[in-house]
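target.tsv, holding TSV, C-alpha atoms:
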```tsv
chain	number	residue	atom	x	y	z
L	15	MET	CA	-31.05	8.90	8.67
L	16	THR	CA	-34.54	7.53	8.12
L	17	THR	CA	-36.47	5.72	10.83
L	18	GLU	CA	-36.27	2.55	8.74
L	19	VAL	CA	-32.47	2.75	8.62
L	20	SER	CA	-32.11	3.65	12.31
L	21	ALA	CA	-33.97	0.45	13.22
L	22	HIS	CA	-30.95	-1.50	11.92
L	23	LEU	CA	-28.24	0.60	13.57
L	24	ILE	CA	-27.31	-2.09	16.11
L	25	ALA	CA	-26.73	-4.60	13.30
L	26	LEU	CA	-24.51	-2.12	11.47
L	27	GLN	CA	-22.51	-1.24	14.55
L	28	SER	CA	-21.85	-4.92	15.22
L	29	GLY	CA	-19.55	-4.87	12.21
L	30	ARG	CA	-15.90	-3.94	12.70
L	31	TRP	CA	-15.57	-1.81	9.56
L	32	PHE	CA	-18.61	0.38	10.19
L	33	ALA	CA	-17.95	0.70	13.93
L	34	GLN	CA	-14.43	2.02	13.24
L	35	LEU	CA	-15.42	4.52	10.56
L	36	PRO	CA	-14.84	8.24	11.12
L	37	PRO	CA	-18.15	9.55	12.51
L	38	GLU	CA	-18.64	11.90	9.55
L	39	PHE	CA	-18.41	9.04	7.04
L	40	ALA	CA	-20.65	6.73	9.10
L	41	ALA	CA	-23.30	9.44	9.37
L	42	ALA	CA	-23.15	10.10	5.63
L	43	LEU	CA	-23.67	6.42	4.80
L	44	LEU	CA	-26.68	6.27	7.09
L	45	ARG	CA	-28.10	9.45	5.60
L	46	MET	CA	-27.68	8.23	2.01
L	47	GLY	CA	-28.68	4.64	2.73
L	48	ARG	CA	-32.00	3.07	1.85
L	49	ILE	CA	-33.42	-0.28	2.94
L	50	ARG	CA	-33.89	-2.98	0.29
L	51	GLN	CA	-35.65	-6.30	0.69
L	52	LEU	CA	-34.98	-9.40	-1.41
L	53	THR	CA	-36.86	-12.69	-1.56
L	54	VAL	CA	-35.12	-16.07	-1.85
L	55	GLY	CA	-33.53	-16.44	-5.28
L	56	GLN	CA	-33.93	-12.79	-6.19
L	57	SER	CA	-30.89	-11.20	-7.82
L	58	LEU	CA	-29.41	-8.06	-6.36
L	59	PHE	CA	-27.10	-7.68	-9.35
L	60	LEU	CA	-25.63	-9.91	-12.04
L	61	ARG	CA	-22.31	-10.06	-13.84
L	62	GLY	CA	-22.16	-7.23	-16.35
L	63	ASP	CA	-24.60	-4.97	-14.49
L	64	PRO	CA	-23.51	-1.33	-14.06
L	65	PRO	CA	-22.22	-0.04	-10.70
L	66	CYS	CA	-25.09	0.50	-8.29
L	67	GLY	CA	-23.37	1.42	-5.03
L	68	LEU	CA	-22.40	-0.04	-1.70
L	69	TYR	CA	-24.37	-2.56	0.37
L	70	ALA	CA	-24.50	-3.94	3.90
L	71	VAL	CA	-26.27	-7.17	4.86
L	72	LEU	CA	-28.61	-6.47	7.77
L	73	ARG	CA	-30.58	-9.71	7.86
L	74	GLY	CA	-30.54	-12.95	5.88
L	75	ALA	CA	-27.80	-13.92	3.43
L	76	LEU	CA	-26.65	-13.62	-0.18
L	77	THR	CA	-24.39	-15.78	-2.27
L	78	VAL	CA	-21.77	-14.37	-4.63
L	79	SER	CA	-21.09	-16.67	-7.57
L	80	GLY	CA	-19.92	-16.83	-11.15
L	81	THR	CA	-20.03	-19.16	-14.12
L	82	GLY	CA	-17.38	-20.13	-16.64
L	83	GLY	CA	-16.55	-22.51	-19.46
L	84	ARG	CA	-18.26	-23.21	-22.76
L	85	SER	CA	-21.93	-22.35	-22.95
L	86	ASP	CA	-22.79	-26.04	-23.43
L	87	ASP	CA	-20.68	-27.04	-20.42
L	88	ALA	CA	-20.79	-24.02	-18.13
L	89	ARG	CA	-19.85	-24.54	-14.49
L	90	SER	CA	-20.83	-22.50	-11.44
L	91	ALA	CA	-18.46	-21.39	-8.71
L	92	LEU	CA	-19.77	-20.21	-5.36
L	93	LEU	CA	-17.25	-17.69	-4.07
L	94	THR	CA	-18.72	-16.69	-0.76
L	95	ARG	CA	-21.83	-16.28	1.35
L	96	LEU	CA	-22.52	-12.81	2.73
L	97	GLU	CA	-24.24	-12.48	6.10
L	98	PRO	CA	-24.68	-9.65	8.65
L	99	PRO	CA	-22.83	-7.37	9.21
L	100	GLN	CA	-20.81	-7.67	5.98
L	101	TRP	CA	-20.45	-4.77	3.53
L	102	PHE	CA	-19.84	-5.41	-0.16
L	103	GLY	CA	-19.93	-3.84	-3.62
L	104	GLU	CA	-16.99	-1.52	-3.02
L	105	ILE	CA	-14.90	-2.64	-6.01
L	106	SER	CA	-17.25	-1.02	-8.52
L	107	VAL	CA	-17.37	2.10	-6.34
L	108	PHE	CA	-13.62	2.41	-6.89
L	109	ASP	CA	-13.18	1.50	-10.53
L	110	GLY	CA	-16.60	2.28	-11.98
L	111	ASN	CA	-16.62	-0.99	-13.91
L	112	VAL	CA	-19.50	-3.42	-14.27
L	113	ARG	CA	-20.26	-6.07	-11.67
L	114	SER	CA	-17.93	-9.05	-11.96
L	115	HIS	CA	-20.17	-11.66	-10.27
L	116	ASP	CA	-23.76	-12.49	-9.39
L	117	ALA	CA	-25.21	-11.60	-5.98
L	118	VAL	CA	-28.39	-13.53	-5.20
L	119	ALA	CA	-30.47	-13.81	-2.02
L	120	ALA	CA	-29.97	-17.21	-0.37
L	121	GLU	CA	-32.56	-16.31	2.29
L	122	PRO	CA	-35.11	-13.51	2.68
L	123	CYS	CA	-32.70	-10.62	2.88
L	124	THR	CA	-32.64	-7.08	4.25
L	125	LEU	CA	-29.92	-4.78	2.93
L	126	LEU	CA	-28.74	-1.23	3.40
L	127	HIS	CA	-28.13	0.25	-0.06
L	128	VAL	CA	-25.97	3.34	-0.49
L	129	PRO	CA	-26.55	4.35	-4.14
L	130	ASN	CA	-23.51	4.95	-6.30
L	131	GLU	CA	-24.16	8.50	-7.52
L	132	PRO	CA	-24.73	10.22	-4.14
L	133	LEU	CA	-21.86	8.21	-2.64
L	134	GLN	CA	-19.48	9.30	-5.41
L	135	GLU	CA	-20.61	12.91	-5.07
L	136	TRP	CA	-20.07	12.85	-1.31
L	137	LEU	CA	-16.60	11.29	-1.66
L	138	ARG	CA	-15.59	13.94	-4.19
L	139	GLY	CA	-16.29	16.52	-1.53
L	140	HIS	CA	-14.64	14.46	1.23
L	141	PRO	CA	-11.72	12.66	-0.49
L	142	GLU	CA	-9.99	11.96	2.83
L	143	HIS	CA	-12.55	9.18	3.43
L	144	TRP	CA	-11.52	7.09	0.43
L	145	HIS	CA	-8.94	5.52	2.75
L	146	ALA	CA	-11.65	4.20	5.06
L	147	LEU	CA	-13.48	2.70	2.09
L	148	ALA	CA	-10.23	1.15	0.85
L	149	LEU	CA	-10.01	-0.85	4.08
L	150	LEU	CA	-13.00	-2.87	2.85
L	151	VAL	CA	-10.96	-3.86	-0.19
L	152	THR	CA	-7.89	-4.81	1.84
L	153	ASP	CA	-9.99	-7.03	4.11
L	154	LYS	CA	-11.38	-8.90	1.10
L	155	LEU	CA	-7.93	-9.11	-0.48
L	156	ARG	CA	-6.43	-10.71	2.62
L	157	THR	CA	-9.24	-13.27	2.70
L	158	ALA	CA	-8.74	-14.00	-1.01
L	159	PHE	CA	-5.00	-14.54	-0.51
L	160	ILE	CA	-5.70	-16.95	2.34
L	161	ALA	CA	-8.08	-18.91	0.10
L	162	LEU	CA	-5.50	-19.03	-2.71
L	163	GLU	CA	-2.79	-20.18	-0.32
L	164	ASP	CA	-5.07	-22.85	1.13
L	165	ALA	CA	-5.95	-24.11	-2.36
L	166	ALA	CA	-2.26	-24.39	-3.23
L	167	LEU	CA	-0.94	-25.88	0.02
L	168	LEU	CA	-3.65	-27.63	2.03
L	169	PRO	CA	-5.30	-30.97	1.32
L	170	ALA	CA	-9.07	-30.87	0.89
L	171	PRO	CA	-9.93	-31.89	4.50
L	172	GLN	CA	-7.85	-29.08	5.99
L	173	ARG	CA	-9.17	-26.56	3.46
L	174	LEU	CA	-12.75	-27.46	4.30
L	175	ALA	CA	-12.15	-27.24	8.04
L	176	ARG	CA	-10.40	-23.89	7.71
L	177	ARG	CA	-13.24	-22.47	5.60
L	178	LEU	CA	-15.81	-23.59	8.18
L	179	VAL	CA	-13.80	-21.86	10.91
L	180	MET	CA	-13.54	-18.66	8.87
L	181	MET	CA	-17.28	-18.66	8.26
L	182	ALA	CA	-18.00	-19.40	11.92
L	183	GLU	CA	-15.89	-16.40	12.86
L	184	GLY	CA	-17.65	-14.17	10.34
L	185	TYR	CA	-14.45	-13.74	8.31
L	186	GLY	CA	-13.24	-11.47	11.11
L	187	GLN	CA	-15.90	-8.84	10.42
L	188	TRP	CA	-17.52	-8.60	13.85
L	189	ASN	CA	-16.79	-5.69	16.15
L	190	ALA	CA	-16.05	-7.88	19.17
L	191	ASP	CA	-13.55	-10.57	20.01
L	192	GLY	CA	-14.67	-14.13	20.48
L	193	LEU	CA	-17.98	-13.94	18.61
L	194	THR	CA	-18.76	-17.04	16.57
L	195	ARG	CA	-21.62	-18.41	14.50
L	196	ARG	CA	-22.53	-21.93	15.63
L	197	VAL	CA	-24.68	-22.91	12.66
L	198	ILE	CA	-23.49	-22.34	9.09
L	199	ALA	CA	-26.40	-22.41	6.67
L	200	LEU	CA	-24.65	-24.01	3.72
L	201	SER	CA	-25.47	-27.19	1.84
L	202	GLN	CA	-22.83	-29.76	0.99
L	203	GLU	CA	-23.24	-28.90	-2.68
L	204	GLN	CA	-22.59	-25.21	-1.97
L	205	LEU	CA	-19.59	-26.04	0.21
L	206	SER	CA	-18.12	-28.23	-2.52
L	207	GLN	CA	-18.57	-25.42	-5.08
L	208	MET	CA	-16.94	-22.93	-2.74
L	209	LEU	CA	-13.86	-25.13	-2.33
L	210	SER	CA	-13.77	-26.55	-5.88
L	211	ILE	CA	-13.90	-30.14	-4.67
L	212	SER	CA	-16.40	-32.84	-5.55
L	213	ARG	CA	-19.67	-33.32	-3.71
L	214	GLN	CA	-18.57	-36.87	-2.83
L	215	THR	CA	-15.28	-35.65	-1.32
L	216	THR	CA	-17.12	-32.99	0.67
L	217	ASN	CA	-19.52	-35.59	2.04
L	218	GLN	CA	-16.65	-37.89	3.08
L	219	ILE	CA	-14.79	-35.09	4.86
L	220	LEU	CA	-17.90	-33.94	6.72
L	221	LYS	CA	-18.66	-37.52	7.79
L	222	ASP	CA	-15.14	-37.81	9.22
L	223	LEU	CA	-15.48	-34.48	11.08
L	224	GLU	CA	-18.86	-35.60	12.39
L	225	ALA	CA	-17.42	-38.92	13.61
L	226	ARG	CA	-14.83	-36.91	15.54
L	227	GLN	CA	-17.65	-34.83	17.06
L	228	LEU	CA	-16.31	-31.60	15.57
L	229	VAL	CA	-19.41	-30.84	13.50
L	230	ARG	CA	-22.98	-32.02	13.10
L	231	VAL	CA	-24.27	-32.19	9.54
L	232	GLN	CA	-27.94	-31.51	8.93
L	233	ARG	CA	-29.93	-30.77	5.82
L	234	GLY	CA	-28.71	-27.48	4.37
L	235	GLU	CA	-26.44	-26.60	7.29
L	236	VAL	CA	-23.37	-27.53	9.28
L	237	GLU	CA	-23.38	-27.06	13.05
L	238	ILE	CA	-20.01	-26.41	14.68
L	239	MET	CA	-19.70	-28.57	17.79
L	240	ASP	CA	-16.03	-27.95	18.65
L	241	LEU	CA	-14.55	-24.85	17.04
L	242	ALA	CA	-11.17	-25.18	18.76
L	243	GLY	CA	-10.93	-28.82	17.70
L	244	LEU	CA	-11.86	-27.92	14.14
L	245	ARG	CA	-9.13	-25.28	14.12
L	246	ARG	CA	-6.56	-27.83	15.29
L	247	THR	CA	-7.19	-29.98	12.21
L	248	TYR	CA	-5.27	-27.52	10.03
L	249	ALA	CA	-3.06	-25.69	12.54
```
Represent the structure contained in this file as structure tokens.
Amino acid sequence: MTTEVSAHLIALQSGRWFAQLPPEFAAALLRMGRIRQLTVGQSLFLRGDPPCGLYAVLRGALTVSGTGGRSDDARSALLTRLEPPQWFGEISVFDGNVRSHDAVAAEPCTLLHVPNEPLQEWLRGHPEHWHALALLVTDKLRTAFIALEDAALLPAPQRLARRLVMMAEGYGQWNADGLTRRVIALSQEQLSQMLSISRQTTNQILKDLEARQLVRVQRGEVEIMDLAGLRRTYA
């Protein structure tokens, strides 16, 4: 483990997945890992790029998004925002296929990058640790199923409130109970893209939540004032 990587060990250990890894696997990731820095708007990878390994967000944030539709009427969809201590990129580690979405720095960003080739070589020699890596996939799959269920069953106000709660709780990725993020750095436009609802509808819902003193809306962010109350809006 390099000195540069060791300086971020506390951030890594704050994440549930890394903290629960078998010590041999955790040590190998730290040994193979290298620090990468991104500026705002800089792409980490784009749809169609070859597999490049596994990543952990140490500081800052990235957005994962995609585009679809005709070239003259293409639309963007913001899927998620990745913040510390989230790991990502594991799908291409498993299947070896190209990247399916764009990952772009939303803020100045510090990442731990575990390159694909040394990671694959290490896993070939230690196949028992594929299971630990698979737990990253199952976590994301559970979150995706929740989002699909919400889209099918919940009205827009409840969907928005539930997504804010999930983001405030770090999508369950922290290695401690009860940790929450009070300020969610997300614009109304980004939130509307994430939930596939209009910007106008998003604004109306946030105004209602603000009137009920559950959130405070500021430029480019939403502050959670009453997390328990917000949770009750969809319970």
Draw an axis-aligned box tight on the listed atoms of region 227-237 of chain L, then pad every side by 8 Å and write out centre and edge lengths in Å to one decimal as AutoDock Vina command-line options.
```
--center_x -23.1 --center_y -30.7 --center_z 10.7 --size_x 29.6 --size_y 24.2 --size_z 28.7
```
Closest atom pairs, region 157-237 of chain L residues within 12 Å of region 74-80 of chain L, only C-alpha atoms, as a Markdown table:
```
| residue | atom | partner | partner_atom | distance |
| --- | --- | --- | --- | --- |
| L:Ile198 | CA | L:Ala75 | CA | 11.0 |
| L:Ala199 | CA | L:Ala75 | CA | 9.2 |
| L:Leu200 | CA | L:Thr77 | CA | 10.2 |
| L:Gln204 | CA | L:Thr77 | CA | 9.6 |
| L:Leu205 | CA | L:Thr77 | CA | 11.6 |
| L:Gln207 | CA | L:Ser79 | CA | 9.4 |
| L:Met208 | CA | L:Ser79 | CA | 8.9 |
```
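When CA of Gly67 (chain L) is paired with CA of Leu96 (chain L), their separation reads 16.2 Å.
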For region 41-116 of chain L against region 138-145 of chain L, with a cut-off of 12 Å and counting all atoms listed in the file, what is the closest atom pair and its distance in Å to one decimal for every residue that makes the cut, ordered by chain and number, as CSV?
```
residue,atom,partner,partner_atom,distance
L:Ala42,CA,L:His140,CA,10.5
L:Leu43,CA,L:His143,CA,11.5
L:Glu104,CA,L:Trp144,CA,10.8
L:Val107,CA,L:Trp144,CA,10.2
L:Phe108,CA,L:Trp144,CA,8.9
```
What would the file look like if the residues just selected were written as a JSON list (two decimals), in the coordinates of the input with C-alpha atoms?
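Final output, saved to part11.json:
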```json
[["chain", "number", "residue", "atom", "x", "y", "z"],
["L", 42, "ALA", "CA", -23.15, 10.10, 5.63],
["L", 43, "LEU", "CA", -23.67, 6.42, 4.80],
["L", 104, "GLU", "CA", -16.99, -1.52, -3.02],
["L", 107, "VAL", "CA", -17.37, 2.10, -6.34],
["L", 108, "PHE", "CA", -13.62, 2.41, -6.89]]
```
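The residue that comes closest to Asp153 (chain L), out of L:Trp101, L:Ser28, L:Ile219, L:Leu168 and on the basis of only C-alpha atoms, is L:Trp101.
Proximity of L:Phe59, L:Phe102, L:Tyr185, L:Tyr248 to Leu150 (chain L), computed with only C-alpha atoms, is greatest for L:Phe102.
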Using all atoms listed in the file, can you tell me which of L:Leu155, L:Leu52, L:Leu68, L:Leu223 comes closest to Ser106 (chain L)?
L:Leu68
Which residue, L:Ala161, L:Met46, L:Met239, L:Val151, has the smallest gap to Glu131 (chain L) when you use all atoms listed in the file?
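Looking only at the distances to Glu131 (chain L), the closest residue turns out to be L:Met46.
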Between L:Lys154, L:His22, L:Arg61, L:Arg73, which one has atoms that come closest to Ala120 (chain L), using all atoms listed in the file?
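Going through L:Lys154, L:His22, L:Arg61, L:Arg73 one by one, the smallest distance to Ala120 (chain L) is for L:Arg73.
Among the candidates L:Leu92, L:His115, L:Pro171, L:Gly29, the residue lying nearest to Ser201 (chain L) is L:Leu92 (atoms considered: only C-alpha atoms).
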Given the block above, output region 150-172 of chain L with N, CA, C and O atoms as a short mmCIF file (atom, residue, chain, number, x, y, z; two decimals), in the first residue's frame.
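Final file, decode_2.cif:
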```cif
data_model
loop_
_atom_site.label_atom_id
_atom_site.label_comp_id
_atom_site.auth_asym_id
_atom_site.auth_seq_id
_atom_site.Cartn_x
_atom_site.Cartn_y
_atom_site.Cartn_z
N LEU L 150 -21.00 -6.66 -3.96
CA LEU L 150 -21.20 -5.32 -4.50
C LEU L 150 -22.35 -5.31 -5.51
O LEU L 150 -23.17 -4.40 -5.54
N VAL L 151 -22.38 -6.34 -6.35
CA VAL L 151 -23.43 -6.44 -7.37
C VAL L 151 -24.80 -6.61 -6.71
O VAL L 151 -25.79 -5.98 -7.12
N THR L 152 -24.88 -7.46 -5.71
CA THR L 152 -26.18 -7.71 -5.07
C THR L 152 -26.70 -6.46 -4.38
O THR L 152 -27.91 -6.20 -4.39
N ASP L 153 -25.81 -5.67 -3.79
CA ASP L 153 -26.24 -4.41 -3.18
C ASP L 153 -26.87 -3.49 -4.23
O ASP L 153 -27.93 -2.91 -4.01
N LYS L 154 -26.20 -3.36 -5.37
CA LYS L 154 -26.71 -2.48 -6.42
C LYS L 154 -28.02 -3.03 -6.98
O LYS L 154 -28.93 -2.28 -7.33
N LEU L 155 -28.11 -4.36 -7.09
CA LEU L 155 -29.31 -4.97 -7.63
C LEU L 155 -30.51 -4.72 -6.72
O LEU L 155 -31.62 -4.42 -7.19
N ARG L 156 -30.31 -4.83 -5.43
CA ARG L 156 -31.40 -4.55 -4.48
C ARG L 156 -31.88 -3.11 -4.62
O ARG L 156 -33.08 -2.83 -4.63
N THR L 157 -30.92 -2.18 -4.72
CA THR L 157 -31.28 -0.77 -4.87
C THR L 157 -32.03 -0.53 -6.17
O THR L 157 -33.00 0.23 -6.21
N ALA L 158 -31.59 -1.20 -7.24
CA ALA L 158 -32.27 -1.06 -8.53
C ALA L 158 -33.70 -1.59 -8.48
O ALA L 158 -34.62 -0.98 -9.04
N PHE L 159 -33.90 -2.72 -7.79
CA PHE L 159 -35.25 -3.28 -7.67
C PHE L 159 -36.16 -2.35 -6.87
O PHE L 159 -37.35 -2.19 -7.18
N ILE L 160 -35.60 -1.73 -5.83
CA ILE L 160 -36.39 -0.77 -5.05
C ILE L 160 -36.83 0.40 -5.94
O ILE L 160 -37.99 0.84 -5.90
N ALA L 161 -35.89 0.90 -6.75
CA ALA L 161 -36.21 2.02 -7.65
C ALA L 161 -37.27 1.63 -8.67
O ALA L 161 -38.19 2.41 -8.97
N LEU L 162 -37.18 0.40 -9.20
CA LEU L 162 -38.19 -0.07 -10.17
C LEU L 162 -39.55 -0.21 -9.50
O LEU L 162 -40.59 0.16 -10.08
N GLU L 163 -39.56 -0.75 -8.29
CA GLU L 163 -40.82 -0.91 -7.57
C GLU L 163 -41.44 0.46 -7.27
O GLU L 163 -42.66 0.65 -7.42
N ASP L 164 -40.60 1.41 -6.83
CA ASP L 164 -41.10 2.75 -6.53
C ASP L 164 -41.71 3.38 -7.78
O ASP L 164 -42.78 4.01 -7.72
N ALA L 165 -41.02 3.23 -8.92
CA ALA L 165 -41.51 3.83 -10.16
C ALA L 165 -42.86 3.25 -10.57
O ALA L 165 -43.70 3.94 -11.14
N ALA L 166 -43.07 1.96 -10.25
CA ALA L 166 -44.31 1.30 -10.64
C ALA L 166 -45.45 1.57 -9.67
O ALA L 166 -46.62 1.62 -10.08
N LEU L 167 -45.14 1.77 -8.38
CA LEU L 167 -46.18 1.78 -7.37
C LEU L 167 -46.39 3.11 -6.65
O LEU L 167 -47.49 3.36 -6.16
N LEU L 168 -45.36 3.95 -6.58
CA LEU L 168 -45.48 5.16 -5.77
C LEU L 168 -45.74 6.40 -6.64
O LEU L 168 -45.14 6.54 -7.70
N PRO L 169 -46.60 7.28 -6.17
CA PRO L 169 -46.75 8.57 -6.85
C PRO L 169 -45.44 9.36 -6.75
O PRO L 169 -44.60 9.09 -5.90
N ALA L 170 -45.31 10.35 -7.61
CA ALA L 170 -44.07 11.12 -7.68
C ALA L 170 -43.64 11.72 -6.33
O ALA L 170 -42.44 11.66 -5.99
N PRO L 171 -44.54 12.29 -5.52
CA PRO L 171 -44.08 12.87 -4.25
C PRO L 171 -43.44 11.84 -3.32
O PRO L 171 -42.41 12.12 -2.68
N GLN L 172 -44.02 10.66 -3.23
CA GLN L 172 -43.46 9.61 -2.38
C GLN L 172 -42.15 9.08 -2.95
O GLN L 172 -41.21 8.77 -2.21
#
```
